[in-house]
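Shown next: input36.cif, containing mmCIF, C-alpha atoms.
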data_final
#
loop_
_atom_site.label_atom_id
_atom_site.label_comp_id
_atom_site.auth_asym_id
_atom_site.auth_seq_id
_atom_site.Cartn_x
_atom_site.Cartn_y
_atom_site.Cartn_z
CA MET A 17 64.75 164.27 -16.63
CA LYS A 18 68.05 164.92 -18.37
CA ASN A 19 68.51 161.19 -18.80
CA LEU A 20 65.06 160.89 -20.27
CA ILE A 21 65.75 163.58 -22.86
CA GLN A 22 69.06 161.96 -23.74
CA PHE A 23 67.30 158.67 -24.09
CA ILE A 24 64.73 160.16 -26.43
CA ILE A 25 67.41 161.87 -28.52
CA LYS A 26 69.42 158.69 -28.75
CA PHE A 27 66.50 156.62 -29.89
CA HIS A 28 64.55 159.33 -31.78
CA TYR A 29 64.67 157.13 -34.80
CA VAL A 30 62.88 154.24 -33.13
CA PHE A 31 60.25 156.58 -31.71
CA LEU A 32 59.65 158.14 -35.11
CA PHE A 33 59.32 154.66 -36.58
CA ILE A 34 56.77 153.64 -33.98
CA PHE A 35 54.84 156.86 -34.49
CA LEU A 36 54.73 156.55 -38.31
CA GLN A 37 53.84 152.87 -38.10
CA PHE A 38 51.07 153.75 -35.69
CA VAL A 39 49.70 156.33 -38.14
CA SER A 40 49.84 153.80 -41.00
CA ILE A 41 48.09 151.07 -39.07
CA TRP A 42 45.49 153.53 -37.88
CA MET A 43 44.86 154.32 -41.56
CA VAL A 44 44.61 150.65 -42.45
CA VAL A 45 42.12 149.98 -39.72
CA THR A 46 40.02 153.08 -40.31
CA TYR A 47 40.01 152.37 -43.96
CA ASN A 48 38.92 148.77 -43.57
CA VAL A 49 35.96 149.72 -41.41
CA LYS A 50 34.76 152.66 -43.41
CA GLN A 51 35.56 151.29 -46.83
CA ARG A 52 32.18 152.14 -48.24
CA LYS A 53 32.60 155.74 -47.22
CA GLY A 54 35.51 156.09 -49.63
CA PHE A 55 37.84 158.02 -47.32
CA ILE A 56 40.67 159.29 -49.54
CA ASP A 57 40.30 157.35 -52.72
CA SER A 58 41.33 157.65 -56.29
CA SER A 59 38.35 159.83 -57.04
CA ASN A 60 40.54 162.65 -55.82
CA ALA A 61 41.65 165.01 -58.51
CA ILE A 62 45.37 164.32 -58.85
CA SER A 63 45.31 160.59 -59.30
CA GLY A 64 42.16 160.93 -61.41
CA PHE A 65 44.02 163.17 -63.79
CA PHE A 66 46.92 160.74 -64.19
CA TYR A 67 44.68 157.76 -64.69
CA GLU A 68 42.62 159.56 -67.30
CA THR A 69 45.67 160.65 -69.28
CA TYR A 70 47.03 157.15 -69.10
CA SER A 71 43.82 155.50 -70.20
CA SER A 72 43.41 157.93 -73.09
CA VAL A 73 46.61 156.45 -74.50
CA SER A 74 46.14 152.84 -73.54
CA ASP A 75 42.60 152.74 -74.92
CA TYR A 76 43.94 152.84 -78.47
CA PHE A 77 45.33 149.38 -78.06
CA SER A 78 41.98 147.80 -77.37
CA LEU A 79 39.83 149.85 -79.76
CA HIS A 80 39.08 146.99 -82.06
CA GLU A 81 37.74 144.68 -79.41
CA ILE A 82 35.72 147.42 -77.72
CA ASN A 83 34.13 148.44 -81.00
CA ASN A 84 32.98 144.89 -81.49
CA GLN A 85 31.59 144.75 -77.99
CA LEU A 86 29.71 148.02 -78.41
CA SER A 87 28.26 147.19 -81.78
CA THR A 88 27.00 143.85 -80.50
CA GLU A 89 25.34 145.64 -77.66
CA ASN A 90 23.87 148.28 -79.97
CA ALA A 91 22.37 145.57 -82.08
CA ALA A 92 20.80 143.95 -79.05
CA LEU A 93 19.35 147.28 -77.94
CA ARG A 94 17.91 148.04 -81.35
CA ASP A 95 16.24 144.67 -81.23
CA SER A 96 14.39 145.66 -78.14
CA LEU A 97 13.09 148.97 -79.53
CA ILE A 98 9.41 149.37 -80.30
CA TYR A 99 10.00 149.68 -84.03
CA SER A 100 11.63 146.32 -84.20
CA TYR A 101 8.41 144.63 -83.17
CA TYR A 102 5.68 143.96 -85.59
CA SER A 103 2.58 145.32 -84.00
CA MET A 104 -1.08 145.22 -84.95
CA ASP A 105 -2.06 148.39 -83.19
CA LYS A 106 0.04 151.43 -82.46
CA THR A 107 -1.30 152.44 -79.04
CA VAL A 108 1.34 153.74 -76.65
CA ASP A 109 1.00 152.91 -72.99
CA THR A 110 1.22 156.21 -71.12
CA ASN A 111 0.98 154.54 -67.72
CA VAL A 112 4.58 153.44 -67.89
CA VAL A 113 6.97 155.57 -65.80
CA ARG A 114 10.69 155.34 -66.34
CA GLN A 115 12.43 154.01 -63.24
CA PHE A 116 16.02 153.41 -64.36
CA ILE A 117 18.33 155.71 -66.28
CA HIS A 118 21.65 154.58 -67.77
CA ILE A 119 24.70 156.83 -67.74
CA SER A 120 27.50 155.63 -69.97
CA CYS A 121 30.97 155.94 -68.41
CA LYS A 122 34.52 155.01 -69.21
CA VAL A 123 36.67 152.97 -66.86
CA ILE A 124 39.90 154.86 -66.21
CA ASN A 125 41.36 152.56 -63.59
CA ASN A 126 40.57 149.02 -62.58
CA SER A 127 42.29 146.20 -60.75
CA THR A 128 41.59 142.48 -60.50
CA ASN A 129 44.57 141.16 -58.58
CA ARG A 130 44.04 142.48 -55.07
CA LYS A 131 41.87 141.44 -52.19
CA TYR A 132 39.88 144.67 -52.36
CA ASN A 133 39.49 145.79 -55.96
CA PHE A 134 38.01 149.07 -57.12
CA ILE A 135 36.98 150.64 -60.41
CA THR A 136 37.49 154.34 -61.15
CA LEU A 137 35.10 155.98 -63.65
CA ASN A 138 35.49 159.21 -65.59
CA LYS A 139 32.19 160.76 -64.54
CA GLY A 140 31.08 162.10 -61.18
CA SER A 141 28.41 164.03 -59.35
CA LEU A 142 28.24 166.66 -62.12
CA HIS A 143 26.93 163.96 -64.43
CA GLY A 144 24.35 162.77 -61.93
CA ILE A 145 26.29 159.91 -60.34
CA GLY A 146 25.84 159.35 -56.63
CA LYS A 147 26.68 156.74 -54.01
CA ASP A 148 24.95 153.35 -54.06
CA MET A 149 24.33 153.27 -57.78
CA ALA A 150 24.80 150.13 -59.82
CA VAL A 151 27.64 149.73 -62.32
CA ILE A 152 27.15 147.22 -65.13
CA SER A 153 29.29 146.25 -68.09
CA PRO A 154 27.75 145.38 -71.46
CA SER A 155 27.84 141.75 -70.37
CA GLY A 156 26.76 141.87 -66.72
CA VAL A 157 27.15 143.18 -63.19
CA ALA A 158 30.41 145.05 -62.41
CA GLY A 159 30.15 146.94 -59.11
CA ILE A 160 28.53 149.59 -56.91
CA ILE A 161 29.51 153.27 -56.62
CA VAL A 162 31.03 154.05 -53.20
CA GLY A 163 32.56 157.49 -53.67
CA VAL A 164 32.09 160.43 -55.99
CA SER A 165 33.90 163.69 -56.62
CA SER A 166 32.67 166.23 -59.14
CA HIS A 167 34.40 164.63 -62.15
CA TYR A 168 35.23 161.10 -61.05
CA SER A 169 33.68 158.27 -59.15
CA VAL A 170 34.96 155.09 -57.54
CA ALA A 171 33.04 151.84 -57.49
CA ILE A 172 33.66 148.81 -55.32
CA SER A 173 34.25 146.01 -57.80
CA LEU A 174 32.45 142.68 -57.64
CA LEU A 175 35.99 141.37 -57.13
CA ASN A 176 36.16 142.77 -53.60
CA GLU A 177 35.74 140.81 -50.39
CA ASN A 178 33.35 143.43 -49.07
CA PHE A 179 31.04 143.12 -52.06
CA ARG A 180 27.74 141.33 -51.60
CA LEU A 181 25.00 141.15 -54.17
CA SER A 182 21.49 139.86 -53.75
CA SER A 183 20.79 137.57 -56.71
CA LYS A 184 18.57 134.72 -57.80
CA LEU A 185 18.43 131.69 -60.03
CA LYS A 186 16.78 132.78 -63.24
CA LYS A 187 15.00 129.47 -63.69
CA THR A 188 13.42 128.90 -60.28
CA GLY A 189 13.60 132.37 -58.72
CA GLN A 190 15.32 131.01 -55.60
CA PHE A 191 17.44 133.82 -54.19
CA GLY A 192 20.89 133.94 -52.55
CA SER A 193 23.95 136.19 -52.38
CA VAL A 194 26.93 136.48 -54.66
CA VAL A 195 30.20 137.09 -52.84
CA TRP A 196 33.85 137.01 -53.87
CA LYS A 197 36.67 135.44 -51.86
CA GLU A 198 39.83 136.02 -53.91
CA SER A 199 38.52 133.32 -56.20
CA GLY A 200 40.10 134.76 -59.35
CA TYR A 201 38.90 137.46 -61.72
CA ASP A 202 36.38 135.20 -63.46
CA LYS A 203 34.87 133.28 -60.53
CA ALA A 204 32.63 134.12 -57.58
CA LEU A 205 30.56 132.24 -55.04
CA LEU A 206 26.80 132.00 -54.73
CA ILE A 207 25.73 131.34 -51.15
CA ASP A 208 22.48 130.80 -49.24
CA ILE A 209 20.79 128.63 -51.87
CA PRO A 210 18.97 125.90 -49.89
CA SER A 211 19.95 122.36 -50.84
CA HIS A 212 16.42 121.17 -51.67
CA VAL A 213 16.36 123.28 -54.85
CA SER A 214 17.43 121.45 -57.98
CA ILE A 215 20.21 123.22 -59.84
CA ASN A 216 22.31 122.35 -62.87
CA LYS A 217 25.65 123.31 -64.24
CA GLY A 218 25.19 126.27 -66.59
CA ASP A 219 22.12 127.74 -64.86
CA THR A 220 21.97 131.51 -65.15
CA ILE A 221 22.23 133.78 -62.08
CA VAL A 222 20.62 137.23 -62.29
CA THR A 223 20.19 140.12 -59.86
CA SER A 224 17.14 139.90 -57.63
CA GLY A 225 16.31 143.60 -57.58
CA PHE A 226 15.80 143.52 -53.79
CA SER A 227 18.52 145.98 -52.94
CA ALA A 228 17.09 149.05 -54.76
CA ILE A 229 20.51 149.36 -56.39
CA PHE A 230 20.38 146.89 -59.25
CA PRO A 231 17.28 146.45 -61.40
CA GLU A 232 15.93 142.94 -61.48
CA GLY A 233 17.23 140.46 -64.02
CA ILE A 234 20.71 141.73 -64.83
CA ILE A 235 22.96 138.79 -65.56
CA VAL A 236 25.68 137.96 -63.03
CA GLY A 237 27.00 134.68 -64.35
CA THR A 238 26.40 130.97 -64.78
CA ILE A 239 26.90 128.04 -62.43
CA ASP A 240 30.31 126.46 -62.89
CA SER A 241 30.21 123.78 -60.22
CA PHE A 242 28.28 123.03 -57.06
CA ASP A 243 28.70 120.91 -54.01
CA LYS A 244 26.14 119.65 -51.53
CA LYS A 245 27.47 118.61 -48.17
CA THR A 246 25.06 116.27 -46.39
CA SER A 247 25.38 118.05 -43.10
CA GLU A 248 24.76 121.50 -44.51
CA SER A 249 21.43 122.83 -45.63
CA PHE A 250 22.93 125.11 -48.27
CA TYR A 251 24.81 124.50 -51.49
CA GLU A 252 28.33 125.67 -52.13
CA ILE A 253 28.13 127.05 -55.65
CA GLU A 254 30.93 128.46 -57.75
CA ILE A 255 29.88 130.64 -60.65
CA ASN A 256 31.54 131.92 -63.81
CA LEU A 257 31.15 135.69 -63.97
CA SER A 258 29.74 136.97 -67.23
CA THR A 259 31.66 140.25 -67.03
CA ASP A 260 35.28 140.10 -68.15
CA PHE A 261 36.95 142.23 -65.47
CA THR A 262 40.33 142.11 -67.14
CA ASN A 263 38.96 144.00 -70.11
CA LEU A 264 36.52 146.45 -68.56
CA SER A 265 36.32 149.60 -70.63
CA SER A 266 32.90 151.12 -71.12
CA VAL A 267 30.30 150.62 -68.42
CA TYR A 268 26.89 151.99 -67.49
CA VAL A 269 25.93 153.49 -64.17
CA ILE A 270 22.28 152.82 -63.42
CA VAL A 271 20.33 155.50 -61.58
CA ASN A 272 17.27 154.21 -59.76
CA LYS A 273 14.86 157.10 -59.46
CA PHE A 274 12.90 155.34 -56.72
CA HIS A 275 15.98 154.43 -54.66
CA ALA A 276 15.47 157.04 -51.95
CA GLU A 277 11.79 156.22 -51.69
CA GLN A 278 12.39 152.49 -51.16
CA ILE A 279 15.17 153.04 -48.63
CA LYS A 280 13.05 155.54 -46.69
CA LEU A 281 10.11 153.20 -46.53
CA GLU A 282 12.26 150.26 -45.47
CA LYS A 283 13.98 152.36 -42.77
CA GLU A 284 10.66 153.11 -41.12
CA PHE A 285 10.16 149.45 -40.33
CA GLU A 286 13.74 148.57 -39.52
CA ASN A 287 13.52 150.33 -36.17
CA GLU A 288 10.38 148.62 -35.02
CA MET B 12 72.95 169.03 -52.12
CA ASN B 13 70.58 171.13 -54.18
CA ASN B 14 71.30 169.17 -57.31
CA GLY B 15 70.83 165.94 -55.40
CA PHE B 16 67.53 167.13 -54.00
CA VAL B 17 66.11 167.75 -57.47
CA ARG B 18 67.44 164.42 -58.72
CA TYR B 19 65.94 162.41 -55.91
CA SER B 20 62.61 164.25 -56.14
CA LEU B 21 62.40 163.41 -59.83
CA MET B 22 63.30 159.80 -59.05
CA PHE B 23 60.50 159.71 -56.45
CA VAL B 24 57.88 160.94 -58.92
CA PHE B 25 59.23 158.69 -61.65
CA LEU B 26 59.13 155.55 -59.51
CA VAL B 27 55.62 156.27 -58.20
CA LEU B 28 54.28 156.81 -61.71
CA ILE B 29 56.04 153.72 -63.10
CA GLN B 30 54.55 151.74 -60.23
CA VAL B 31 50.94 152.88 -60.51
CA LEU B 32 50.69 153.24 -64.28
CA PHE B 33 52.65 150.22 -65.48
CA LEU B 34 53.75 147.75 -62.87
CA ASN B 35 50.37 147.56 -61.16
CA ASN B 36 48.89 146.43 -64.45
CA ILE B 37 51.29 143.52 -64.79
CA GLU B 38 49.60 140.41 -63.54
CA LEU B 39 51.87 137.43 -63.57
CA GLY B 40 50.40 134.27 -62.17
CA GLY B 41 47.12 135.96 -61.29
CA SER B 42 47.97 138.11 -58.32
CA ILE B 43 51.58 139.14 -58.50
CA ASN B 44 52.83 142.69 -58.85
CA PRO B 45 56.45 143.74 -58.62
CA PHE B 46 56.87 146.66 -56.20
CA LEU B 47 59.72 148.52 -57.80
CA TYR B 48 58.93 151.76 -55.97
CA ILE B 49 60.86 150.49 -52.96
CA LEU B 50 63.99 151.07 -55.06
CA PHE B 51 63.74 154.68 -53.89
CA ILE B 52 64.64 153.64 -50.36
CA LEU B 53 67.55 151.56 -51.69
CA ILE B 54 69.20 154.31 -53.72
CA LEU B 55 69.22 157.11 -51.14
CA PRO B 56 72.77 158.18 -50.18
CA PHE B 57 74.50 156.76 -47.10
CA GLU B 58 74.48 160.17 -45.42
CA THR B 59 70.64 160.36 -45.34
CA PRO B 60 69.67 160.74 -41.67
CA SER B 61 67.53 157.92 -40.38
CA TRP B 62 64.58 160.15 -39.45
CA MET B 63 64.53 161.46 -43.02
CA LEU B 64 64.51 157.90 -44.36
CA LEU B 65 61.42 157.19 -42.28
CA VAL B 66 59.64 160.36 -43.38
CA LEU B 67 60.47 159.71 -47.04
CA GLY B 68 59.34 156.11 -46.65
CA PHE B 69 56.08 157.33 -45.22
CA PHE B 70 55.37 159.69 -48.12
CA LEU B 71 56.49 157.14 -50.68
CA GLY B 72 54.08 154.51 -49.40
CA PHE B 73 51.31 157.06 -48.95
CA SER B 74 51.61 158.21 -52.58
CA ILE B 75 51.24 154.63 -53.78
CA ASP B 76 48.32 154.00 -51.41
CA ILE B 77 46.38 156.96 -52.73
CA PHE B 78 46.53 155.54 -56.22
CA VAL B 79 45.59 151.97 -55.39
CA ASN B 80 42.96 152.58 -52.66
CA THR B 81 44.78 150.58 -50.02
CA LEU B 82 45.25 153.42 -47.57
CA GLY B 83 47.93 152.59 -45.01
CA ILE B 84 49.17 149.24 -46.29
CA HIS B 85 51.94 150.42 -48.61
CA THR B 86 52.67 153.25 -46.17
CA SER B 87 53.39 150.95 -43.27
CA ALA B 88 55.40 148.53 -45.41
CA SER B 89 57.65 151.21 -46.82
CA VAL B 90 58.13 152.85 -43.41
CA PHE B 91 59.23 149.44 -42.23
CA ALA B 92 61.68 149.11 -45.12
CA ALA B 93 63.11 152.54 -44.28
CA PHE B 94 63.44 151.47 -40.64
CA VAL B 95 65.31 148.31 -41.57
CA ARG B 96 67.77 149.99 -43.95
CA PRO B 97 70.26 151.47 -41.42
CA MET B 98 70.39 148.16 -39.56
CA VAL B 99 71.02 146.21 -42.75
CA LEU B 100 73.74 148.71 -43.72
CA SER B 101 75.53 148.30 -40.40
CA LEU B 102 75.23 144.50 -40.50
CA ILE B 103 76.84 144.17 -43.92
CA ILE B 104 79.39 146.96 -43.53
CA PRO B 105 82.51 146.30 -45.69
CA ARG B 106 85.90 146.05 -43.99
CA ASP B 107 86.83 149.64 -44.81
CA GLY B 108 83.44 151.10 -43.95
CA TYR B 109 81.41 153.25 -46.28
CA GLU B 110 83.50 155.97 -47.90
CA SER B 111 82.02 159.42 -48.21
CA GLY B 112 80.96 160.38 -51.71
CA THR B 113 79.94 156.82 -52.61
CA LEU B 114 76.42 155.56 -53.18
CA PRO B 115 74.83 152.19 -52.37
CA ARG B 116 75.35 150.64 -55.79
CA ILE B 117 76.97 147.61 -57.40
CA SER B 118 79.54 149.88 -59.03
CA PHE B 119 80.89 151.01 -55.65
CA TYR B 120 80.66 147.98 -53.39
CA GLY B 121 80.39 145.03 -55.75
CA LEU B 122 77.75 142.47 -56.54
CA PRO B 123 77.83 140.28 -53.38
CA TRP B 124 77.41 143.31 -51.16
CA PHE B 125 74.54 144.68 -53.26
CA ILE B 126 72.80 141.31 -53.31
CA ARG B 127 72.81 141.13 -49.52
CA TYR B 128 71.72 144.76 -49.26
CA SER B 129 68.85 144.71 -51.75
CA PHE B 130 67.61 141.20 -50.90
CA SER B 131 67.20 141.96 -47.21
CA ILE B 132 65.42 145.30 -47.64
CA VAL B 133 63.14 144.22 -50.48
CA PHE B 134 62.28 141.02 -48.64
CA ALA B 135 61.51 142.90 -45.42
CA HIS B 136 59.24 145.23 -47.37
CA HIS B 137 57.37 142.48 -49.22
CA LEU B 138 56.94 140.35 -46.14
CA PHE B 139 55.48 143.27 -44.22
CA TYR B 140 53.30 144.35 -47.12
CA PHE B 141 51.62 141.02 -47.83
CA PHE B 142 50.97 140.21 -44.19
CA MET B 143 49.61 143.69 -43.70
CA GLU B 144 47.34 143.17 -46.70
CA ALA B 145 46.11 139.80 -45.42
CA PHE B 146 45.92 141.20 -41.85
CA THR B 147 46.01 137.65 -40.52
CA PHE B 148 48.44 134.76 -40.12
CA SER B 149 45.92 132.19 -41.23
CA GLY B 150 46.74 131.06 -44.75
CA PHE B 151 50.37 131.72 -43.87
CA PHE B 152 51.85 129.71 -46.74
CA ASN B 153 49.55 131.25 -49.30
CA THR B 154 50.65 134.72 -48.25
CA PHE B 155 54.26 133.66 -48.02
CA GLY B 156 54.07 132.30 -51.56
CA LYS B 157 52.89 135.69 -52.76
CA VAL B 158 55.81 137.32 -50.94
CA LEU B 159 58.35 135.09 -52.71
CA TYR B 160 56.82 135.49 -56.15
CA SER B 161 56.58 139.23 -55.94
CA PHE B 162 60.03 139.42 -54.36
CA ALA B 163 61.59 137.62 -57.32
CA PHE B 164 60.06 140.08 -59.77
CA THR B 165 61.01 143.17 -57.82
CA ILE B 166 64.60 141.99 -57.42
CA ALA B 167 64.83 141.27 -61.14
CA LEU B 168 63.70 144.83 -61.88
CA VAL B 169 66.04 146.34 -59.28
CA PHE B 170 68.99 144.60 -60.98
CA VAL B 171 67.88 145.68 -64.43
CA GLY B 172 67.85 149.23 -63.05
CA GLN B 173 71.41 148.78 -61.71
CA LEU B 174 72.63 147.82 -65.19
CA PHE B 175 71.52 151.21 -66.46
CA VAL B 176 73.20 153.13 -63.65
CA THR B 177 76.44 151.23 -64.07
CA LYS B 178 76.55 151.75 -67.83
CA LYS B 179 76.15 155.48 -67.48
CA LYS B 180 79.15 155.65 -65.23
#
Before we go any further, please render this structure as structure tokens.
Amino acid sequence: MKNLIQFIIKFHYVFLFIFLQFVSIWMVVTYNVKQRKGFIDSSNAISGFFYETYSSVSDYFSLHEINNQLSTENAALRDSLIYSYYSMDKTVDTNVVRQFIHISCKVINNSTNRKYNFITLNKGSLHGIGKDMAVISPSGVAGIIVGVSSHYSVAISLLNENFRLSSKLKKTGQFGSVVWKESGYDKALLIDIPSHVSINKGDTIVTSGFSAIFPEGIIVGTIDSFDKKTSESFYEIEINLSTDFTNLSSVYVIVNKFHAEQIKLEKEFENE
Amino acid sequence: MNNGFVRYSLMFVFLVLIQVLFLNNIELGGSINPFLYILFILILPFETPSWMLLVLGFFLGFSIDIFVNTLGIHTSASVFAAFVRPMVLSLIIPRDGYESGTLPRISFYGLPWFIRYSFSIVFAHHLFYFFMEAFTFSGFFNTFGKVLYSFAFTIALVFVGQLFVTKKK
């Protein structure tokens, strides 16, 4: 017994190392499994505060470009308003119910160079943001909210190996999934498109709207190159993302008011 | 001791903030970040007990992890670096040993000594970090390439930092 205690005292340093390493690896493993649950993430208050202060300074340097981006988008939105259409009769359709609401947010932290990238936004549950909501940039899909605190939220970026998005070819409506495999900040892969469909370079990929997270028809990107192996029944397609993740600044979180309803209905049949 | 405590605490906060606010936004060659924060482990005095090194390493890595959403990866890498440090120190011990009152810097033990010291610890840290991040040995050379790239940048920054310390003295 005395020897044992002496042994422990002599090598306390190695034991402490093993213990701390064990704790770290436990964190890594837990974190990898429960990534979508956003364990301790940067939505917590301290790091949120630092990131917000930092971005309030750094934003000045990109004001010009962002203004251009926003005004282009404003113009496009004005185009789609009722008053911009010439109409013969002024009847308003009261049967239309609003399904999607946009909440405009600012990106206060974002990465593109890791295997698992995340985006931190400056609004949280107080502003009506919840888990599993879509995040889009003015030019296309950006991510999905995975964690919220009262003032901040964290989204899993499209540039994350755990990200998977149900999408379709705009032209033919054939649907597949967009995934990202460390393929660079401007590229992603489109999988599960059967090889009998005819596709061309430059074809547009949009969201399918199946997931109850993204509305249908939001642009994801365009086909950059594709490859058909004779033995495989699916294409290997590389796409150019339409969102510029290196310059993500103002984004919209999309709230689907029917989300809960769709999920509940689908759950009922999943168990059968 | 008290004065030193305050100084090292400030250094800790400073290095963590530099790392998460600036260095993490530097993207050279697509996926390369320098990890200057590990400098904290390098500059601690010789007298620091080994258990304290490990604990400090743990909190250092954990602070970085919280900011970059990679819970555990930086933590385990910097604990590893802290674990390696006493061994490296005893392997490269100068003929007269380490005198009390000196610090692990170029100005005290010269350039060749500091090169061996910083290269081994930074390399150990980077190697551990990138393999922890990949969590696999497949794509070994790809990961190893990242280690070397990032290593070169970190070392460059560590030496730039040494210039400042030496000047002040």
d(CA of Pro154 in chain A, CA of Asn256 in chain A) in Å: 15.9 Å
Which residues, written as a list in words, have at least one atom at most 6 Å from Val170 in chain A, with all atoms listed in the file counted and residues fewer than 2 positions away on the same chain left out?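 The filter keeps Ser59, Ile135, Thr136, Ile161, Val162 and Gly163 of chain A.
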Store the residues picked out above, limited to C-alpha atoms, as a PDB file, in the frame of the given file.
ATOM      1  CA  SER A  59      38.350 159.830 -57.040  1.00  0.00           C
ATOM      2  CA  ILE A 135      36.980 150.640 -60.410  1.00  0.00           C
ATOM      3  CA  THR A 136      37.490 154.340 -61.150  1.00  0.00           C
ATOM      4  CA  ILE A 161      29.510 153.270 -56.620  1.00  0.00           C
ATOM      5  CA  VAL A 162      31.030 154.050 -53.200  1.00  0.00           C
ATOM      6  CA  GLY A 163      32.560 157.490 -53.670  1.00  0.00           C
TER       7      GLY A 163
END
Considering all atoms listed in the file, return as a list in words whatever protein or nucleic-acid residues lie within 9 Å of range 127-135 of chain B, sequence-local ones (same chain, fewer than 5 positions apart) excluded.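 Here the answer would be Phe46, Ile49, Leu50, Ile52, Leu53, Ala88, Phe91, Ala92, Ala93, Val95, Arg96, Val99, Leu100, Ile103, Pro115, Leu122, Tyr140, Val158, Leu159, Phe162, Thr165, Ile166 and Val169 of chain B.
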List, as a PyMOL selection string, every residue that the PyMOL selection byres ((chain A and resi 86) around 12) selects in the file provided. chain A and resi 79-85+87-93+120+153-155+265-268
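Within 8 Å of chain A, and counting all atoms listed in the file, chain B contributes Leu32, Asn36, Glu38, Gly41, Ser42, Ile43, Ser61, Trp62, Leu65, Phe69, Ile77, Phe78, Val79, Asn80, Thr81, Leu82, Gly83, Ile84, Thr86, Ser87, Val90, Phe91, Phe94 and Glu144 of chain B.
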One decimal, Å: what's the distance from CA of Ser249 in chain A over to CA of Glu177 in chain A, could you say?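 Result for CA of Ser249 in chain A versus CA of Glu177 in chain A: 23.5 Å, one decimal.
CA of Ala145 in chain B is positioned 26.0 Å from CA of Ser182 in chain A.
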Could you tell me which residues the PyMOL selection byres ((chain B and resi 56) around 9) grabs in this file, written as a list in words?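 Here the PyMOL selection byres ((chain B and resi 56) around 9) matches Leu53, Ile54, Leu55, Phe57, Glu58, Thr59, Gly112, Thr113, Leu114 and Pro115 of chain B.
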For the structure provided, state which residues fall under the PyMOL selection byres ((chain A and resi 239) around 6), and present them as a ChimeraX atom specification. /A:217-219,238,240-241,255
If we count all atoms listed in the file, what is near Glu282 in chain A at a cut-off of 12 Å, once residues fewer than 6 positions away on the same chain are taken out, given as a PDB file with C-alpha atoms, keeping the file's coordinate frame?
ATOM      1  CA  PHE A 226      15.800 143.520 -53.790  1.00  0.00           C
ATOM      2  CA  SER A 227      18.520 145.980 -52.940  1.00  0.00           C
ATOM      3  CA  ALA A 228      17.090 149.050 -54.760  1.00  0.00           C
ATOM      4  CA  HIS A 275      15.980 154.430 -54.660  1.00  0.00           C
ATOM      5  CA  ALA A 276      15.470 157.040 -51.950  1.00  0.00           C
ATOM      6  CA  GLU A 288      10.380 148.620 -35.020  1.00  0.00           C
TER       7      GLU A 288
END
Given the choices A:Ser193, A:Gln115, A:Ser78, A:Asn176, which gets closest to Val236 in chain A if the distance is worked out from all atoms listed in the file?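 When distances to Val236 in chain A are compared using all atoms listed in the file, the smallest one comes from A:Ser193.
Closest approach to Ser224 in chain A from the set A:Leu257, A:Val157, A:Ile145, A:Ala171 is made by A:Val157, with distances taken over all atoms listed in the file.
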Let me have the centre and edge lengths of the axis-aligned box enclosing all listed atoms of range 28-40 of chain A with 4 Å padding on every side, in Å to one decimal, as JSON.
{"center_x": 57.2, "center_y": 156.1, "center_z": -36.4, "size_x": 23.0, "size_y": 14.5, "size_z": 17.3}
Using all atoms listed in the file, which protein or nucleic acid residues come within 9 Å of Gly233 in chain A? Drop anything in the same chain fewer than 6 positions from it, and give the result as a PyMOL selection string. chain A and resi 183-184+186+221-225
Name all residues at most 12 Å from Phe274 in chain A (count only C-alpha atoms; drop same-chain ones fewer than 6 positions away) and give them as an NGL selection string. :A and (113-117 or 149 or 227-231 or 280-281)
Would you mind telling me which residue in A:Thr188, A:Asn138, A:Ser74, A:Ser199 lies nearest to Thr220 in chain A when using all atoms listed in the file?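 The closest residue to Thr220 in chain A is A:Thr188.
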Could you check which of B:Phe125, B:Phe170, B:Phe119, B:Tyr48 is closest to Phe25 in chain B, using all atoms listed in the file? B:Tyr48
